[in-house]
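K.L.:
Mind looking over this structure? Questions follow.
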Amino acid sequence: MTVLITGVSRGLGKALALELAKRGHSVIGCSRSQDKLKSLQSQLSNSSSSSEDDDSKHLFLNVDVVSSSSVEELARLVMDKKGVPDIIVNNAGTINKNNRLWEVPEEEFNAVIDTNLKGIANMLRHFIPLMIDKEQGIIVNMSSGWGRSAAAQVAPYWSAAHWTSVLFHAACKTTVRCCAAS
């Protein structure tokens with residue numbers, strides 16, 4: 001099985017990549033951190049017991065999900081090298097520093113919304129059509145339980161989590177199976 005994971009360079013994304021690779025799946029990972037991607041690739045190569053060359057089994061690319069053109073290029077490269085992923089895990093995300101909404105700097109607010117909401121929209125925009133053409137695929141959107149409640153100190157993060165759920169349900173009225181994890 002081929003699994004594409006965004007935000008793969010650290011945290012849950014990295015843990016998912018390592019575990020899925022250990023179980024024999026082909027991992028496609030993307031992150032904004034080229035150094036951390038190289039480290040992860042090296043970690044997978046060193047821990048591999050498989051006879052298949054990990055440089056060909058796994059694919060790690062420097063991608064910023066905020067940029068539609070960057071995600072479009074990711075989709076093109078993935079199709080050229082691996083074909084349509086069986087599963088996409090939209091994991092890339094960020095959170096603002098605890099502050100009241102009116103005290104969150106505009107740049108920080110925008111970074112949260114752009115990554116956590118627009119990043120998922122870009123992934124859906126460029127990969128759902130490929131999955132529909134294949135008539136299969138699973139998309140998992142990682143989000144926060146805060147999307148179903150409110151948290152005053154992280155209003156941008158809470159807002160993105162809520163709208164990610166709304167966007168997700170609207171976009172997945174296709175042959176692609178979708179689920180949300182929080």
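How things are named: the first chain in the structure tokens is A, the next is B, and so on; residues count from 1 in each chain; ligands count from 1 in the order shown.
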Please report, as a ChimeraX atom specification, each residue of segment 36-163 of chain A to which DSSP assigns helix (DSSP H, G or I) when run on this structure's backbone.

P.N.:
/A:36-47,54-57,68-81,101-103,106-134,145-148,152-163

K.L.:
Near Asn98 of chain A, within 12 Å and counting only C-alpha atoms, which residues show up once chain neighbours fewer than 5 positions away are dropped, as a list in words?

P.N.:
Glu103, Val104, Pro105, Glu108, Phe109, Ala151, Ala152, Gln153, Val154, Ala155, Pro156, Tyr157 and Trp158 of chain A

K.L.:
Using only all heavy atoms, please write the residues we just selected to a file, as a CSV table (one decimal), in the first residue's frame.

P.N.:
```
chain,number,residue,atom,x,y,z
A,103,GLU,N,-4.9,39.7,20.1
A,103,GLU,CA,-3.5,39.9,20.3
A,103,GLU,C,-2.6,38.9,19.5
A,103,GLU,O,-1.4,38.9,19.6
A,103,GLU,CB,-3.2,39.6,21.8
A,103,GLU,CG,-3.9,40.7,22.7
A,103,GLU,CD,-3.8,40.3,24.2
A,103,GLU,OE1,-3.6,39.1,24.5
A,103,GLU,OE2,-3.9,41.3,25.0
A,104,VAL,N,-3.3,38.1,18.7
A,104,VAL,CA,-2.6,37.2,17.8
A,104,VAL,C,-2.1,38.0,16.6
A,104,VAL,O,-2.9,38.6,15.9
A,104,VAL,CB,-3.4,36.0,17.3
A,104,VAL,CG1,-2.7,35.2,16.3
A,104,VAL,CG2,-3.9,35.2,18.5
A,105,PRO,N,-0.8,38.1,16.4
A,105,PRO,CA,-0.3,38.9,15.2
A,105,PRO,C,-0.9,38.3,13.9
A,105,PRO,O,-1.1,37.1,13.7
A,105,PRO,CB,1.2,38.6,15.2
A,105,PRO,CG,1.5,38.2,16.6
A,105,PRO,CD,0.3,37.5,17.1
A,108,GLU,N,0.9,35.4,12.3
A,108,GLU,CA,0.7,34.1,13.0
A,108,GLU,C,-0.7,33.6,12.7
A,108,GLU,O,-0.8,32.4,12.4
A,108,GLU,CB,0.9,34.3,14.5
A,108,GLU,CG,1.0,33.1,15.3
A,108,GLU,CD,1.3,33.4,16.8
A,108,GLU,OE1,1.9,34.5,17.1
A,108,GLU,OE2,1.0,32.5,17.6
A,109,PHE,N,-1.7,34.4,12.7
A,109,PHE,CA,-3.1,34.0,12.4
A,109,PHE,C,-3.1,33.4,11.0
A,109,PHE,O,-3.6,32.3,10.7
A,109,PHE,CB,-4.0,35.2,12.5
A,109,PHE,CG,-5.4,34.9,12.2
A,109,PHE,CD1,-6.3,34.6,13.3
A,109,PHE,CD2,-5.9,34.8,10.9
A,109,PHE,CE1,-7.6,34.3,13.0
A,109,PHE,CE2,-7.3,34.5,10.7
A,109,PHE,CZ,-8.1,34.2,11.8
A,151,ALA,N,-11.8,27.4,22.1
A,151,ALA,CA,-10.7,27.6,23.0
A,151,ALA,C,-10.2,29.0,22.7
A,151,ALA,O,-9.6,29.3,21.7
A,151,ALA,CB,-9.6,26.6,22.6
A,152,ALA,N,-10.5,29.9,23.6
A,152,ALA,CA,-10.2,31.3,23.4
A,152,ALA,C,-8.8,31.7,23.2
A,152,ALA,O,-8.5,32.6,22.4
A,152,ALA,CB,-10.8,32.1,24.7
A,153,GLN,N,-7.9,31.0,23.8
A,153,GLN,CA,-6.4,31.3,23.7
A,153,GLN,C,-5.8,30.9,22.3
A,153,GLN,O,-4.8,31.3,22.0
A,153,GLN,CB,-5.6,30.7,24.8
A,153,GLN,CG,-6.0,31.3,26.2
A,153,GLN,CD,-5.6,32.8,26.3
A,153,GLN,OE1,-4.4,33.1,26.0
A,153,GLN,NE2,-6.5,33.6,26.6
A,154,VAL,N,-6.5,30.0,21.6
A,154,VAL,CA,-6.0,29.5,20.3
A,154,VAL,C,-7.1,29.6,19.2
A,154,VAL,O,-7.4,28.7,18.5
A,154,VAL,CB,-5.5,28.1,20.4
A,154,VAL,CG1,-4.1,28.1,21.1
A,154,VAL,CG2,-6.4,27.2,21.1
A,155,ALA,N,-7.8,30.8,19.2
A,155,ALA,CA,-8.9,31.0,18.3
A,155,ALA,C,-8.6,30.7,16.8
A,155,ALA,O,-9.4,30.0,16.1
A,155,ALA,CB,-9.5,32.4,18.4
A,156,PRO,N,-7.4,31.1,16.3
A,156,PRO,CA,-7.1,30.7,14.9
A,156,PRO,C,-7.1,29.2,14.7
A,156,PRO,O,-7.6,28.7,13.7
A,156,PRO,CB,-5.8,31.4,14.6
A,156,PRO,CG,-5.7,32.5,15.6
A,156,PRO,CD,-6.4,32.0,16.8
A,157,TYR,N,-6.4,28.5,15.6
A,157,TYR,CA,-6.3,27.1,15.5
A,157,TYR,C,-7.7,26.4,15.6
A,157,TYR,O,-8.0,25.5,14.9
A,157,TYR,CB,-5.4,26.6,16.7
A,157,TYR,CG,-5.1,25.1,16.7
A,157,TYR,CD1,-4.2,24.6,15.8
A,157,TYR,CD2,-5.7,24.3,17.6
A,157,TYR,CE1,-4.0,23.2,15.8
A,157,TYR,CE2,-5.5,22.9,17.6
A,157,TYR,CZ,-4.6,22.4,16.7
A,157,TYR,OH,-4.4,21.1,16.7
A,158,TRP,N,-8.5,26.9,16.6
A,158,TRP,CA,-9.8,26.3,16.8
A,158,TRP,C,-10.6,26.5,15.5
A,158,TRP,O,-11.3,25.6,15.0
A,158,TRP,CB,-10.5,27.0,18.0
A,158,TRP,CG,-11.9,26.7,18.0
A,158,TRP,CD1,-12.5,25.5,18.5
A,158,TRP,CD2,-13.0,27.5,17.6
A,158,TRP,NE1,-13.9,25.6,18.3
A,158,TRP,CE2,-14.2,26.8,17.8
A,158,TRP,CE3,-13.1,28.8,17.0
A,158,TRP,CZ2,-15.4,27.3,17.4
A,158,TRP,CZ3,-14.3,29.3,16.7
A,158,TRP,CH2,-15.5,28.5,16.9
```

K.L.:
For each of A:Leu77, A:Val112, A:Ala161, A:Ser68, take the minimum atom-to-atom distance to Leu124 of chain A, counting only C-alpha atoms, then give the residue where this is smallest.

P.N.:
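Among the listed residues, A:Ser68 lies closest to Leu124 of chain A.
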
K.L.:
Got a sec: who's within 7 Å of His126 of chain A, counting only C-alpha atoms, leaving out chain neighbours fewer than 4 positions off, as a PDB file with N, CA and C atoms, in the first residue's frame?

P.N.:
```pdb
ATOM      1  N   VAL A  71       1.886  21.986  -4.199  1.00  0.00           N
ATOM      2  CA  VAL A  71       1.106  20.749  -4.085  1.00  0.00           C
ATOM      3  C   VAL A  71       0.800  20.184  -5.468  1.00  0.00           C
ATOM      4  N   GLU A  72       0.565  21.045  -6.436  1.00  0.00           N
ATOM      5  CA  GLU A  72       0.346  20.590  -7.810  1.00  0.00           C
ATOM      6  C   GLU A  72       1.582  19.849  -8.325  1.00  0.00           C
ATOM      7  N   ALA A  75       1.765  16.462  -6.685  1.00  0.00           N
ATOM      8  CA  ALA A  75       0.857  15.511  -7.339  1.00  0.00           C
ATOM      9  C   ALA A  75       1.464  14.981  -8.636  1.00  0.00           C
ATOM     10  N   ASN A 122      -5.665  22.509  -0.612  1.00  0.00           N
ATOM     11  CA  ASN A 122      -4.751  22.291  -1.741  1.00  0.00           C
ATOM     12  C   ASN A 122      -4.526  20.805  -2.000  1.00  0.00           C
TER      13      ASN A 122
END
```

K.L.:
Using atom CA of Asp114 of chain A and atom CA of Ser159 of chain A as the two end points, give the distance in Å to one decimal.

P.N.:
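So the answer is 11.6 Å.
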
K.L.:
Find the spatial neighbours of segment 6-11 of chain A, counting only C-alpha atoms, within a cut-off of 6 Å - ignore same-chain residues fewer than 3 positions away - and output them as a PyMOL selection string.

P.N.:
chain A and resi 14+29-31+36-37+90-92

K.L.:
Keeping only all heavy atoms, write the selected residues as a short mmCIF file (atom, residue, chain, number, x, y, z; two decimals), in the first residue's frame.

P.N.:
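Contents of the output file out20.cif:
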```
data_model
loop_
_atom_site.label_atom_id
_atom_site.label_comp_id
_atom_site.auth_asym_id
_atom_site.auth_seq_id
_atom_site.Cartn_x
_atom_site.Cartn_y
_atom_site.Cartn_z
N LYS A 14 5.91 11.93 11.41
CA LYS A 14 7.13 11.12 11.40
C LYS A 14 6.86 9.75 12.00
O LYS A 14 7.30 8.73 11.46
CB LYS A 14 8.24 11.83 12.17
CG LYS A 14 9.55 11.09 12.16
CD LYS A 14 10.63 11.88 12.87
CE LYS A 14 11.95 11.14 12.86
NZ LYS A 14 13.00 11.91 13.56
N GLY A 29 6.33 11.10 1.70
CA GLY A 29 6.21 12.11 2.74
C GLY A 29 6.61 13.47 2.22
O GLY A 29 7.47 13.59 1.36
N CYS A 30 5.96 14.49 2.76
CA CYS A 30 6.36 15.85 2.39
C CYS A 30 6.40 16.73 3.62
O CYS A 30 5.70 16.50 4.61
CB CYS A 30 5.46 16.43 1.31
SG CYS A 30 3.76 16.75 1.81
N SER A 31 7.27 17.72 3.53
CA SER A 31 7.49 18.66 4.62
C SER A 31 8.22 19.86 4.05
O SER A 31 8.78 19.80 2.95
CB SER A 31 8.36 17.98 5.69
OG SER A 31 8.85 18.91 6.61
N LYS A 36 15.23 17.61 7.69
CA LYS A 36 14.50 16.58 8.43
C LYS A 36 14.01 15.47 7.52
O LYS A 36 13.94 14.31 7.92
CB LYS A 36 13.35 17.21 9.20
CG LYS A 36 13.82 18.05 10.37
CD LYS A 36 12.66 18.65 11.13
CE LYS A 36 13.17 19.50 12.29
NZ LYS A 36 12.08 20.14 13.02
N LEU A 37 13.70 15.81 6.26
CA LEU A 37 13.31 14.77 5.30
C LEU A 37 14.49 13.84 5.01
O LEU A 37 14.33 12.62 4.96
CB LEU A 37 12.83 15.40 3.99
CG LEU A 37 11.47 16.10 4.04
CD1 LEU A 37 11.22 16.87 2.75
CD2 LEU A 37 10.36 15.10 4.30
N ASN A 90 -3.55 13.90 5.64
CA ASN A 90 -3.30 15.34 5.75
C ASN A 90 -2.98 15.65 7.20
O ASN A 90 -3.87 15.80 8.03
CB ASN A 90 -4.52 16.14 5.27
CG ASN A 90 -4.67 16.11 3.77
OD1 ASN A 90 -3.70 16.31 3.05
ND2 ASN A 90 -5.87 15.83 3.30
N ASN A 91 -1.70 15.72 7.49
CA ASN A 91 -1.23 15.85 8.86
C ASN A 91 -0.54 17.19 9.13
O ASN A 91 -0.41 17.59 10.28
CB ASN A 91 -0.27 14.69 9.15
CG ASN A 91 0.39 14.81 10.49
OD1 ASN A 91 -0.27 14.69 11.52
ND2 ASN A 91 1.68 15.08 10.49
N ALA A 92 -0.08 17.88 8.09
CA ALA A 92 0.65 19.13 8.28
C ALA A 92 -0.21 20.11 9.06
O ALA A 92 -1.40 20.26 8.79
CB ALA A 92 1.05 19.74 6.94
#
```

K.L.:
Determine the nearest neighbour of Lys134 of chain A from the options A:Ala121, A:Lys97, A:Val176, A:Lys57, counting only C-alpha atoms.

P.N.:
A:Val176

K.L.:
Quick one, how far is atom CA of Ser165 of chain A from atom CA of Pro85 of chain A?

P.N.:
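Separation of atom CA of Ser165 of chain A and atom CA of Pro85 of chain A: 21.8 Å.
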
K.L.:
Applying 8 Å and only C-alpha atoms, which residues near Thr2 of chain A remain after dropping the ones on its own chain fewer than 4 positions away? List them as a list in words.

P.N.:
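Answer for this query is His25, Ser26, Val27, Ile28, Lys82, Pro85, Asp86 and Ile87 of chain A.
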
K.L.:
Of the candidates A:Ala17, A:Ile88, A:Arg23, A:Ile138, which shows the shortest atom-to-atom distance to Phe60 of chain A, using only C-alpha atoms?

P.N.:
A:Ala17

K.L.:
Using DSSP assignments from the backbone, pull out every residue in segment 23-142 of chain A that falls under strand (DSSP E or B) and give it to me as a VMD selection string.

P.N.:
chain A and resid 26 to 31 59 to 62 87 to 90 138 to 142

K.L.:
Measuring atom to atom with only C-alpha atoms, identify which of A:Gln43, A:Ser67, A:Ser33, A:Ser144 is nearest to Ala15 of chain A.

P.N.:
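Residue with the minimum atom-to-atom distance to Ala15 of chain A: A:Gln43.
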
K.L.:
Could you check how far atom CA of Ser143 of chain A sits from atom CA of Ser42 of chain A, in Å to one decimal?

P.N.:
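If I compute the distance from atom CA of Ser143 of chain A to atom CA of Ser42 of chain A, I get 28.4 Å.
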